[in-house]
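> My file is model_20.cif. It has mmCIF, C-alpha atoms and all ligand atoms:
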```
data_my_file
#
loop_
_atom_site.label_atom_id
_atom_site.label_comp_id
_atom_site.auth_asym_id
_atom_site.auth_seq_id
_atom_site.Cartn_x
_atom_site.Cartn_y
_atom_site.Cartn_z
CA MET J 1 41.28 -3.45 21.70
CA PRO J 2 39.14 -2.96 24.80
CA ALA J 3 37.68 0.51 25.39
CA THR J 4 39.97 0.84 28.42
CA ALA J 5 43.21 0.41 26.40
CA HIS J 6 45.63 3.35 26.53
CA PRO J 7 45.35 6.09 23.85
CA ALA J 8 48.99 5.31 22.93
CA PHE J 9 47.51 2.63 20.64
CA ARG J 10 45.20 5.17 19.00
CA LYS J 11 48.12 7.55 18.55
CA ALA J 12 50.22 4.83 16.87
CA ALA J 13 47.27 3.82 14.67
CA HIS J 14 46.78 7.49 13.76
CA TYR J 15 50.40 7.77 12.65
CA LEU J 16 50.47 4.40 10.87
CA GLY J 17 47.11 4.64 9.11
CA VAL J 18 45.66 1.66 10.97
CA ASP J 19 42.00 1.46 12.03
CA VAL J 20 41.25 0.95 15.73
CA VAL J 21 38.33 -1.34 16.54
CA THR J 22 37.16 -0.96 20.13
CA VAL J 23 35.26 -3.58 22.12
CA PRO J 24 33.32 -2.62 25.24
CA VAL J 25 34.44 -3.81 28.68
CA ASP J 26 32.24 -5.41 31.34
CA PRO J 27 30.29 -2.54 32.99
CA GLU J 28 30.82 -3.96 36.51
CA THR J 29 34.39 -5.28 36.44
CA PHE J 30 35.76 -3.03 33.63
CA ARG J 31 37.64 -6.08 32.30
CA ALA J 32 37.79 -6.83 28.58
CA ASP J 33 35.23 -9.29 27.29
CA PRO J 34 36.99 -12.18 25.42
CA ASP J 35 33.84 -13.03 23.42
CA ALA J 36 33.63 -9.45 22.19
CA VAL J 37 37.31 -9.65 21.16
CA ARG J 38 36.67 -12.91 19.28
CA ASP J 39 33.67 -11.39 17.48
CA ALA J 40 35.66 -8.31 16.47
CA ILE J 41 38.49 -10.22 14.75
CA THR J 42 38.30 -10.19 10.95
CA PRO J 43 40.75 -11.20 8.20
CA ARG J 44 41.95 -7.57 8.29
CA THR J 45 42.92 -7.68 11.98
CA ILE J 46 46.66 -7.19 12.53
CA LEU J 47 46.85 -6.98 16.31
CA VAL J 48 44.82 -7.75 19.42
CA VAL J 49 45.56 -5.68 22.52
CA CYS J 50 44.87 -6.27 26.19
CA SER J 51 46.09 -4.59 29.36
CA ALA J 52 47.75 -5.90 32.51
CA PRO J 53 46.22 -3.88 33.99
CA SER J 54 44.31 -1.10 32.20
CA TYR J 55 45.04 2.37 33.54
CA PRO J 56 41.53 3.81 34.18
CA GLN J 57 40.46 1.31 36.89
CA GLY J 58 43.66 -0.71 37.36
CA VAL J 59 41.94 -4.01 36.56
CA MET J 60 43.49 -6.99 34.75
CA ASP J 61 42.11 -7.99 31.38
CA PRO J 62 41.72 -11.78 30.94
CA VAL J 63 45.07 -12.10 29.14
CA GLU J 64 45.13 -15.92 28.88
CA GLU J 65 41.71 -16.08 27.23
CA ILE J 66 42.31 -13.18 24.87
CA ALA J 67 45.78 -14.41 23.84
CA ALA J 68 44.33 -17.86 23.08
CA ILE J 69 41.64 -16.28 20.91
CA ALA J 70 44.26 -14.22 19.05
CA ALA J 71 46.48 -17.29 18.54
CA ASP J 72 43.51 -19.28 17.21
CA ALA J 73 42.89 -16.53 14.68
CA GLY J 74 46.60 -16.27 13.80
CA VAL J 75 46.76 -12.66 15.01
CA LEU J 76 49.52 -11.03 17.07
CA CYS J 77 48.63 -10.21 20.69
CA HIS J 78 50.23 -7.35 22.59
CA VAL J 79 49.97 -7.10 26.37
CA ASP J 80 50.19 -3.54 27.65
CA ALA J 81 51.89 -3.95 31.01
CA CYS J 82 53.18 -0.37 30.91
CA VAL J 83 51.82 0.49 34.33
CA GLY J 84 51.68 -3.04 35.78
CA GLY J 85 54.82 -4.73 34.48
CA TRP J 86 57.15 -3.49 37.19
CA VAL J 87 54.80 -4.01 40.13
CA LEU J 88 52.74 -7.16 39.40
CA PRO J 89 55.64 -9.65 39.78
CA TRP J 90 56.48 -8.35 43.26
CA LEU J 91 52.82 -8.37 44.28
CA ARG J 92 52.46 -11.96 43.07
CA GLU J 93 55.54 -12.94 45.06
CA GLN J 94 53.84 -11.40 48.11
CA GLY J 95 50.81 -13.63 47.71
CA ARG J 96 48.50 -11.26 45.86
CA ASP J 97 46.28 -12.78 43.22
CA VAL J 98 48.02 -11.95 39.92
CA PRO J 99 46.83 -14.00 36.95
CA PRO J 100 49.39 -14.93 34.24
CA PHE J 101 49.97 -11.99 31.88
CA ASP J 102 53.51 -12.16 30.49
CA LEU J 103 55.35 -13.77 27.56
CA SER J 104 54.91 -17.20 29.14
CA VAL J 105 51.21 -17.05 28.24
CA PRO J 106 50.60 -18.92 24.95
CA GLY J 107 49.55 -16.47 22.25
CA VAL J 108 51.14 -13.36 23.79
CA THR J 109 53.57 -12.07 21.15
CA SER J 110 54.78 -8.81 22.72
CA LEU J 111 54.64 -6.92 25.99
CA SER J 112 55.42 -3.35 27.03
CA CYS J 113 56.52 -2.16 30.46
CA ASP J 114 57.27 1.42 31.47
CA LEU J 115 60.29 2.05 33.66
CA HIS J 116 58.93 5.51 34.49
CA LYS J 117 55.88 4.07 36.26
CA TYR J 118 56.51 1.54 39.03
CA GLY J 119 60.18 1.35 38.02
CA TYR J 120 60.41 4.87 39.57
CA ALA J 121 62.84 5.88 36.79
CA PRO J 122 62.76 9.24 35.01
CA LYS J 123 60.77 9.39 31.77
CA GLY J 124 62.42 8.65 28.44
CA ALA J 125 63.33 4.97 28.68
CA SER J 126 60.87 2.13 28.27
CA VAL J 127 60.75 -1.58 27.48
CA VAL J 128 59.09 -3.64 24.79
CA LEU J 129 59.60 -7.41 24.82
CA PHE J 130 58.92 -9.81 21.96
CA ALA J 131 58.19 -13.51 22.31
CA ASP J 132 59.83 -14.20 18.97
CA GLU J 133 63.21 -12.94 17.76
CA ALA J 134 62.05 -12.62 14.15
CA LEU J 135 59.24 -10.35 15.31
CA ARG J 136 61.70 -8.31 17.38
CA ARG J 137 63.87 -7.73 14.31
CA ARG J 138 60.84 -6.19 12.57
CA ALA J 139 60.99 -3.39 15.10
CA TYR J 140 64.49 -2.38 14.01
CA TYR J 141 65.27 -0.11 11.12
CA ALA J 142 68.36 0.10 8.95
CA SER J 143 69.20 2.18 5.88
CA ALA J 144 72.29 1.98 3.74
CA GLU J 145 70.58 3.82 0.89
CA TRP J 146 72.60 7.00 0.94
CA PRO J 147 76.24 8.03 0.75
CA GLY J 148 76.41 9.15 4.40
CA TYR J 149 76.82 7.08 7.59
CA THR J 150 74.82 3.84 7.67
CA VAL J 151 71.72 4.12 9.83
CA ILE J 152 70.59 1.45 12.29
CA ASN J 153 67.91 2.26 14.89
CA ALA J 154 66.12 0.24 17.56
CA THR J 155 63.46 2.90 18.13
CA VAL J 156 61.27 5.33 16.19
CA GLN J 157 63.48 8.16 17.35
CA SER J 158 66.84 8.28 15.58
CA SER J 159 69.30 10.48 17.47
CA ARG J 160 68.34 10.10 21.09
CA SER J 161 69.87 10.87 24.43
CA ALA J 162 71.45 8.11 26.48
CA GLY J 163 70.68 10.21 29.59
CA PRO J 164 67.30 8.61 30.36
CA LEU J 165 68.77 5.14 29.74
CA ALA J 166 71.58 5.79 32.18
CA ALA J 167 69.13 7.24 34.70
CA ALA J 168 66.85 4.20 34.39
CA TRP J 169 69.83 1.86 34.79
CA ALA J 170 71.02 3.75 37.86
CA THR J 171 67.51 3.76 39.39
CA LEU J 172 67.08 0.02 38.83
CA ARG J 173 70.49 -0.78 40.28
CA THR J 174 70.03 1.53 43.24
CA LEU J 175 66.59 0.31 44.26
CA GLY J 176 67.31 -3.32 43.41
CA ALA J 177 64.90 -6.21 43.85
CA ASP J 178 64.54 -5.60 47.57
CA GLY J 179 63.78 -1.93 47.03
CA TYR J 180 61.05 -2.79 44.52
CA ARG J 181 59.62 -5.46 46.82
CA GLU J 182 59.30 -2.90 49.58
CA LEU J 183 57.88 -0.17 47.32
CA ALA J 184 55.32 -2.57 45.80
CA ALA J 185 54.18 -3.74 49.22
CA SER J 186 53.82 -0.22 50.64
CA ALA J 187 52.10 1.11 47.50
CA MET J 188 49.57 -1.73 47.56
CA ALA J 189 49.03 -1.30 51.29
CA ALA J 190 48.31 2.38 50.60
CA ALA J 191 45.80 1.38 47.91
CA ASP J 192 44.08 -1.03 50.31
CA ARG J 193 43.87 1.72 52.91
CA LEU J 194 42.51 4.19 50.33
CA ARG J 195 39.80 1.71 49.30
CA GLU J 196 38.86 1.18 52.92
CA GLY J 197 38.79 4.94 53.55
CA VAL J 198 36.71 5.66 50.45
CA ALA J 199 34.12 3.10 51.59
CA ALA J 200 33.68 5.17 54.74
CA ILE J 201 32.96 8.44 52.86
CA PRO J 202 29.24 8.71 52.02
CA GLY J 203 28.53 8.92 48.28
CA LEU J 204 31.95 7.74 47.12
CA ARG J 205 32.74 4.33 45.65
CA VAL J 206 35.77 2.59 44.08
CA LEU J 207 35.30 1.33 40.51
CA GLY J 208 36.18 -2.32 39.97
CA ASP J 209 38.77 -4.41 41.80
CA PRO J 210 42.21 -2.94 41.06
CA ALA J 211 45.12 -5.41 40.90
CA VAL J 212 47.77 -2.69 41.27
CA PRO J 213 47.91 0.51 43.34
CA LEU J 214 45.59 2.42 40.96
CA VAL J 215 42.25 3.43 42.44
CA ALA J 216 39.37 5.13 40.58
CA VAL J 217 36.77 6.80 42.80
CA THR J 218 33.33 7.87 41.60
CA SER J 219 30.32 9.48 43.24
CA ASP J 220 26.88 7.90 43.34
CA ASP J 221 25.40 11.06 44.84
CA PRO J 222 24.35 13.76 42.32
CA ALA J 223 24.94 16.41 45.00
CA LEU J 224 28.58 15.34 45.30
CA ASP J 225 30.37 16.21 42.07
CA VAL J 226 33.79 14.60 41.53
CA PHE J 227 35.07 17.54 39.49
CA VAL J 228 34.19 19.99 42.26
CA LEU J 229 35.82 17.58 44.69
CA ALA J 230 39.01 17.74 42.59
CA ASP J 231 38.99 21.56 42.68
CA GLU J 232 38.43 21.53 46.45
CA ALA J 233 41.34 19.09 46.83
CA ARG J 234 43.56 21.27 44.67
CA ALA J 235 42.79 24.25 46.88
CA ARG J 236 44.15 22.08 49.72
CA GLY J 237 47.34 21.26 47.80
CA TRP J 238 46.34 17.92 46.24
CA PHE J 239 45.95 16.96 42.60
CA PHE J 240 43.22 14.37 42.09
CA GLN J 241 43.21 13.34 38.42
CA PRO J 242 39.77 13.71 36.78
CA GLN J 243 38.69 11.01 34.31
CA LEU J 244 35.74 11.94 32.09
CA GLY J 245 32.78 9.61 31.63
CA TYR J 246 33.19 7.23 28.68
CA GLN J 247 30.84 4.64 27.17
CA GLY J 248 28.72 4.37 30.31
CA ILE J 249 31.68 4.44 32.73
CA PRO J 250 30.96 7.35 35.10
CA ALA J 251 33.26 10.35 35.60
CA ASN J 252 35.72 9.63 38.40
CA LEU J 253 38.97 10.58 40.07
CA HIS J 254 42.08 8.52 39.50
CA PHE J 255 44.72 7.90 42.14
CA THR J 256 48.13 6.39 41.41
CA LEU J 257 49.52 5.33 44.77
CA THR J 258 53.26 4.86 45.12
CA GLY J 259 55.47 3.38 47.78
CA VAL J 260 55.84 6.83 49.35
CA THR J 261 52.23 8.04 49.26
CA ASP J 262 51.08 9.48 52.61
CA VAL J 263 47.70 7.77 52.38
CA GLU J 264 46.38 9.07 55.71
CA ALA J 265 46.96 12.67 54.61
CA LEU J 266 45.42 11.82 51.22
CA LEU J 267 42.33 10.35 52.86
CA ALA J 268 41.93 13.34 55.17
CA ALA J 269 42.10 15.68 52.15
CA LEU J 270 39.64 13.49 50.24
CA ALA J 271 37.12 13.47 53.09
CA GLU J 272 37.44 17.22 53.61
CA ALA J 273 37.19 17.99 49.89
CA ALA J 274 34.14 15.69 49.58
CA GLU J 275 32.37 17.58 52.34
CA ALA J 276 33.22 20.94 50.78
CA ALA J 277 32.11 19.71 47.34
CA ARG J 278 28.79 18.55 48.71
CA GLU J 279 28.29 21.95 50.29
CA ALA J 280 29.22 23.77 47.04
CA GLY J 281 27.06 21.55 44.82
CA PRO J 282 27.67 20.73 41.15
CA PRO J 283 28.82 23.51 38.79
CA ASP J 284 26.18 25.52 37.04
CA VAL J 285 26.67 24.79 33.33
CA PRO J 286 24.01 26.22 30.99
CA SER J 287 22.72 23.33 28.87
CA ASP J 288 22.66 25.52 25.76
CA LEU J 289 26.42 26.04 26.14
CA VAL J 290 27.02 22.33 25.59
CA ASP J 291 24.75 22.38 22.52
CA ALA J 292 26.46 25.51 21.18
CA LEU J 293 29.92 23.96 21.59
CA GLN J 294 28.83 20.83 19.78
CA ALA J 295 27.45 22.89 16.89
CA LEU J 296 30.56 25.09 16.70
CA ASP J 297 32.45 25.12 13.40
CA LEU J 298 35.94 25.16 14.89
CA ASP J 299 37.66 25.01 11.51
CA ALA J 300 36.14 28.37 10.63
CA MET J 301 37.50 30.02 13.81
CA THR J 302 40.86 31.64 14.44
CA ASP J 303 42.68 31.10 17.74
CA ALA J 304 41.86 34.69 18.72
CA GLU J 305 38.15 34.06 18.16
CA PHE J 306 38.30 30.84 20.18
CA ALA J 307 40.12 32.67 23.01
CA GLY J 308 37.36 35.28 22.95
CA LEU J 309 34.72 32.57 23.15
CA LEU J 310 36.42 30.96 26.18
CA GLN J 311 36.48 34.35 27.88
CA ALA J 312 32.79 34.90 27.07
CA VAL J 313 31.79 31.68 28.85
CA GLY J 314 33.88 32.61 31.87
CA VAL J 315 37.05 30.56 31.29
CA GLU J 316 39.84 32.99 32.20
CA LEU J 317 43.06 31.91 30.52
CA ASP J 318 45.33 34.64 31.80
CA GLY J 319 43.43 35.86 34.83
CA PRO J 320 44.74 35.67 38.38
CA GLY J 321 44.25 32.59 40.57
CA GLU J 322 43.34 29.05 39.66
CA PRO J 323 40.81 28.33 36.89
CA GLU J 324 37.60 26.63 37.95
CA MET J 325 38.29 23.26 36.36
CA ALA J 326 35.00 21.74 37.52
CA PHE J 327 33.17 23.94 35.02
CA VAL J 328 35.54 22.98 32.18
CA ASN J 329 35.44 19.28 33.10
CA THR J 330 31.64 19.28 33.36
CA VAL J 331 31.34 20.83 29.90
CA LEU J 332 33.84 18.35 28.41
CA ASN J 333 32.13 15.47 30.20
CA ALA J 334 28.82 16.37 28.51
CA LEU J 335 30.39 16.33 25.03
CA PRO J 336 31.21 13.35 22.77
CA PRO J 337 34.92 12.33 22.64
CA ALA J 338 35.51 13.80 19.15
CA THR J 339 34.28 17.22 20.31
CA ARG J 340 36.37 16.96 23.49
CA GLU J 341 39.44 16.30 21.32
CA ALA J 342 38.73 19.17 18.92
CA LEU J 343 38.19 21.62 21.80
CA LEU J 344 41.34 20.50 23.62
CA ILE J 345 43.46 20.89 20.48
CA ARG J 346 42.03 24.39 20.07
CA PHE J 347 42.70 25.18 23.72
CA LEU J 348 46.35 24.06 23.39
CA SER J 349 46.71 26.07 20.21
CA VAL J 350 45.43 29.20 21.98
CA LEU J 351 47.91 28.67 24.84
CA TYR J 352 50.77 28.62 22.33
CA SER J 353 49.43 31.53 20.27
CA ASP J 354 49.61 35.28 20.72
CA ALA J 355 45.81 35.37 21.13
CA LEU J 356 46.19 35.88 24.89
C1 LIG H 401 51.39 5.07 31.00
C2 LIG H 401 50.77 4.04 30.17
C3 LIG H 401 51.10 3.89 28.82
C4 LIG H 401 52.11 4.77 28.11
O1 LIG H 401 51.93 6.12 28.27
P1 LIG H 401 53.18 7.12 28.26
O2 LIG H 401 52.53 8.45 28.05
O3 LIG H 401 54.05 6.72 27.14
O4 LIG H 401 53.83 6.99 29.58
C5 LIG H 401 50.51 2.88 28.12
N1 LIG H 401 49.64 2.05 28.70
C6 LIG H 401 49.28 2.14 30.00
C7 LIG H 401 48.32 1.15 30.58
C8 LIG H 401 49.83 3.15 30.78
O5 LIG H 401 49.48 3.26 32.07
#
```
Please express the file's structure as structure tokens.


Amino acid sequence: MPATAHPAFRKAAHYLGVDVVTVPVDPETFRADPDAVRDAITPRTILVVCSAPSYPQGVMDPVEEIAAIAADAGVLCHVDACVGGWVLPWLREQGRDVPPFDLSVPGVTSLSCDLHKYGYAPKGASVVLFADEALRRRAYYASAEWPGYTVINATVQSSRSAGPLAAAWATLRTLGADGYRELAASAMAAADRLREGVAAIPGLRVLGDPAVPLVAVTSDDPALDVFVLADEARARGWFFQPQLGYQGIPANLHFTLTGVTDVEALLAALAEAAEAAREAGPPDVPSDLVDALQALDLDAMTDAEFAGLLQAVGVELDGPGEPEMAFVNTVLNALPPATREALLIRFLSVLYSDAL
């Protein structure tokens, strides 16, 4: 899978005991590289993944090329249209350039689409489509091997609430095709306006060419730190989602625009926060702290000891006011992904412990 594929695949692989092989994306367009996918396929490959679009920069992977490569190799190909599946068709209808990405593309064997993204439904109901009915049946589970009621499940969860299904159904029926057309158009217009507005703010730049209303904004100016910008925006009532640097892709802020985003207010907050962030400058993170964290033997530490360490470096977990996330994000950004993961798991564990 491309480096930009959603961690949901890593989580599934983690549970199923499957190895994930990552291929880099193009450093300018952030789209998956079909040649790299072809080179990565081996006789042990069970699935090729591509995104329509990928979340981090909202860009479309070359689905047709990748699916053809997978088909040639006799490997299943899943298209992750979780974020794009419910908005791309309307955008295409409105004349936007949307390359083929669905089950009509030869070689695509399955596709996922989240109703809780651009379907505007509550979380808890989602969609996976299979090109082949025999493959779809493999997703179902039945057991008659006990003396109780016979089990038949369509999902990993067994007993599950019909509430989210009913809510998704009601949302889809209520908005209807016309509602989604309108929401897609206004969300994409908001994204266009955001891109235009970002271009007018010195130091800021949009990453790639998003096909859906997802916009990633980075800073080319070392004096303008995106994590500080996010904190300044939060102080003004806005949450700008930080994305850490990864495999040469710079740290950035991610915006998911919807059909009801007040983009003018968002742009005003962005411009104001950028100015304040430039004035404040980047956070002061001692370089030996990053080294010390990397050398830390977390397995030998209790939650109480880890909580004490956080306190010692100035991260107040139960203090008053808002934590300075720019400091935390800058530290995490300087660390390799495995260390980021280990620290975050420790952090979560402390939050749920009596160490505070
Ligand atoms: C949201 C999303 C997913 C699924 O994540 P959930 O946490 O289950 O919502 C998968 N892929 C992409 C591209 C997404 O944007």

> Could you state the separation of CA of Arg340 (chain J) and CA of Leu253 (chain J) in Å, given to one decimal place?

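Going from CA of Arg340 (chain J) over to CA of Leu253 (chain J), I get 18.0 Å.
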
> What are the centre and the three edge lengths of an axis-aligned box that wraps all atoms of ligand LIG 401 (chain H) in the file, given that 4 Å is added to every side, written as JSON and rounded to one decimal in Å?


```
{"center_x": 51.2, "center_y": 4.8, "center_z": 29.6, "size_x": 13.7, "size_y": 15.3, "size_z": 12.9}
```

> For Asp114 (chain J), find every residue with an atom within 9 Å (counting all atoms listed in the file), except residues of its own chain fewer than 3 positions away, and show them as an MDAnalysis selection string.

chainID J and resid 81:86 117:119 121 123 125:128

> Using all atoms listed in the file, which of J:Glu264, J:Arg236, J:Ala162, J:Tyr180 sits nearest Arg195 (chain J)?

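When distances to Arg195 (chain J) are compared using all atoms listed in the file, the smallest one comes from J:Glu264.
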
> Which of these residues is nearest to Val98 (chain J), using all atoms listed in the file: J:Leu129, J:Asp61, J:Leu244, J:Leu16?

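Smallest separation from Val98 (chain J) among the options: J:Asp61.
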
> Which polymer residues have any atom within 9 Å of an atom of Asp209 (chain J), counting only C-alpha atoms, with same-chain residues fewer than 2 positions away left out, as a list in words?

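The residues that qualify are Thr29, Phe30, Gln57, Gly58, Val59, Met60, Val206, Leu207, Ala211 and Val215 of chain J.
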
> Return as a list in words the residues of protein, DNA or RNA that approach ligand LIG 401 (chain H) to within 6 Å, with all atoms listed in the file taken into account.

His6, Ala8, Ser54, Tyr55, Asp80, Cys82 and Val83 of chain J

> Using all atoms listed in the file, pick whichever of J:Asn333, J:Ser186, J:Ser219, J:Gln311 has the shortest atom-to-atom distance to Pro202 (chain J).

J:Ser219

> Which is closest to Ala139 (chain J) among J:Ile249, J:Ala36, J:Val156, J:Ile69, if we use all atoms listed in the file?

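Of J:Ile249, J:Ala36, J:Val156, J:Ile69, the one nearest Ala139 (chain J) is J:Val156, counting all atoms listed in the file.
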
> Skipping near chain neighbours, those fewer than 4 positions away, what residues fall within 7 Å of Ala184 (chain J) using only C-alpha atoms, listed as a list of chain:residue names?

J:Val87, J:Trp90, J:Leu91, J:Tyr180, J:Met188, J:Gly259

> Using all atoms listed in the file, can you tell me which of J:Thr22, J:Ala73, J:Ala187, J:Ala67 comes closest to Leu103 (chain J)?

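Result for the nearest residue to Leu103 (chain J): J:Ala67.
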
> Just the number, please: distance in Å from CA of Leu257 (chain J) to CA of Gln241 (chain J), one decimal.

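Those two atoms sit 12.0 Å apart.
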
> Can you tell me how far CA of Cys50 (chain J) sits from CA of Gly107 (chain J), in Å to one decimal?

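These two atoms are separated by 11.9 Å.
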
> For each of J:Ala277, J:Ile66, J:Leu335, J:Leu204, take the minimum atom-to-atom distance to Asp39 (chain J), counting all atoms listed in the file, then give the residue where this is smallest.

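Ranking J:Ala277, J:Ile66, J:Leu335, J:Leu204 by distance to Asp39 (chain J), first place goes to J:Ile66.
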
> Quick one: residues within 10 Å of Asp102 (chain J), only C-alpha atoms counted, chain neighbours fewer than 2 positions away excluded, as a list of chain:residue names?

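Near Asp102 (chain J), the qualifying residues are J:Ala52, J:Val63, J:Glu64, J:His78, J:Val79, J:Asp80, J:Ala81, J:Gly85, J:Pro89, J:Pro99, J:Pro100, J:Ser104, J:Val105, J:Pro106, J:Val108, J:Thr109, J:Ser110, J:Leu111, J:Ser112, J:Leu129, J:Ala131.
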
> Contacts of Ala273 (chain J) at 6 Å or less, counting only C-alpha atoms, minus same-chain residues fewer than 2 places along, as a PDB file with C-alpha atoms, in the frame of the given file?


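This went into out.pdb:
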```
ATOM      1  CA  LEU J 229      35.820  17.580  44.690  1.00  0.00           C
ATOM      2  CA  GLU J 232      38.430  21.530  46.450  1.00  0.00           C
ATOM      3  CA  ALA J 233      41.340  19.090  46.830  1.00  0.00           C
ATOM      4  CA  ALA J 269      42.100  15.680  52.150  1.00  0.00           C
ATOM      5  CA  LEU J 270      39.640  13.490  50.240  1.00  0.00           C
ATOM      6  CA  ALA J 271      37.120  13.470  53.090  1.00  0.00           C
ATOM      7  CA  GLU J 275      32.370  17.580  52.340  1.00  0.00           C
ATOM      8  CA  ALA J 276      33.220  20.940  50.780  1.00  0.00           C
ATOM      9  CA  ALA J 277      32.110  19.710  47.340  1.00  0.00           C
TER      10      ALA J 277
END
```
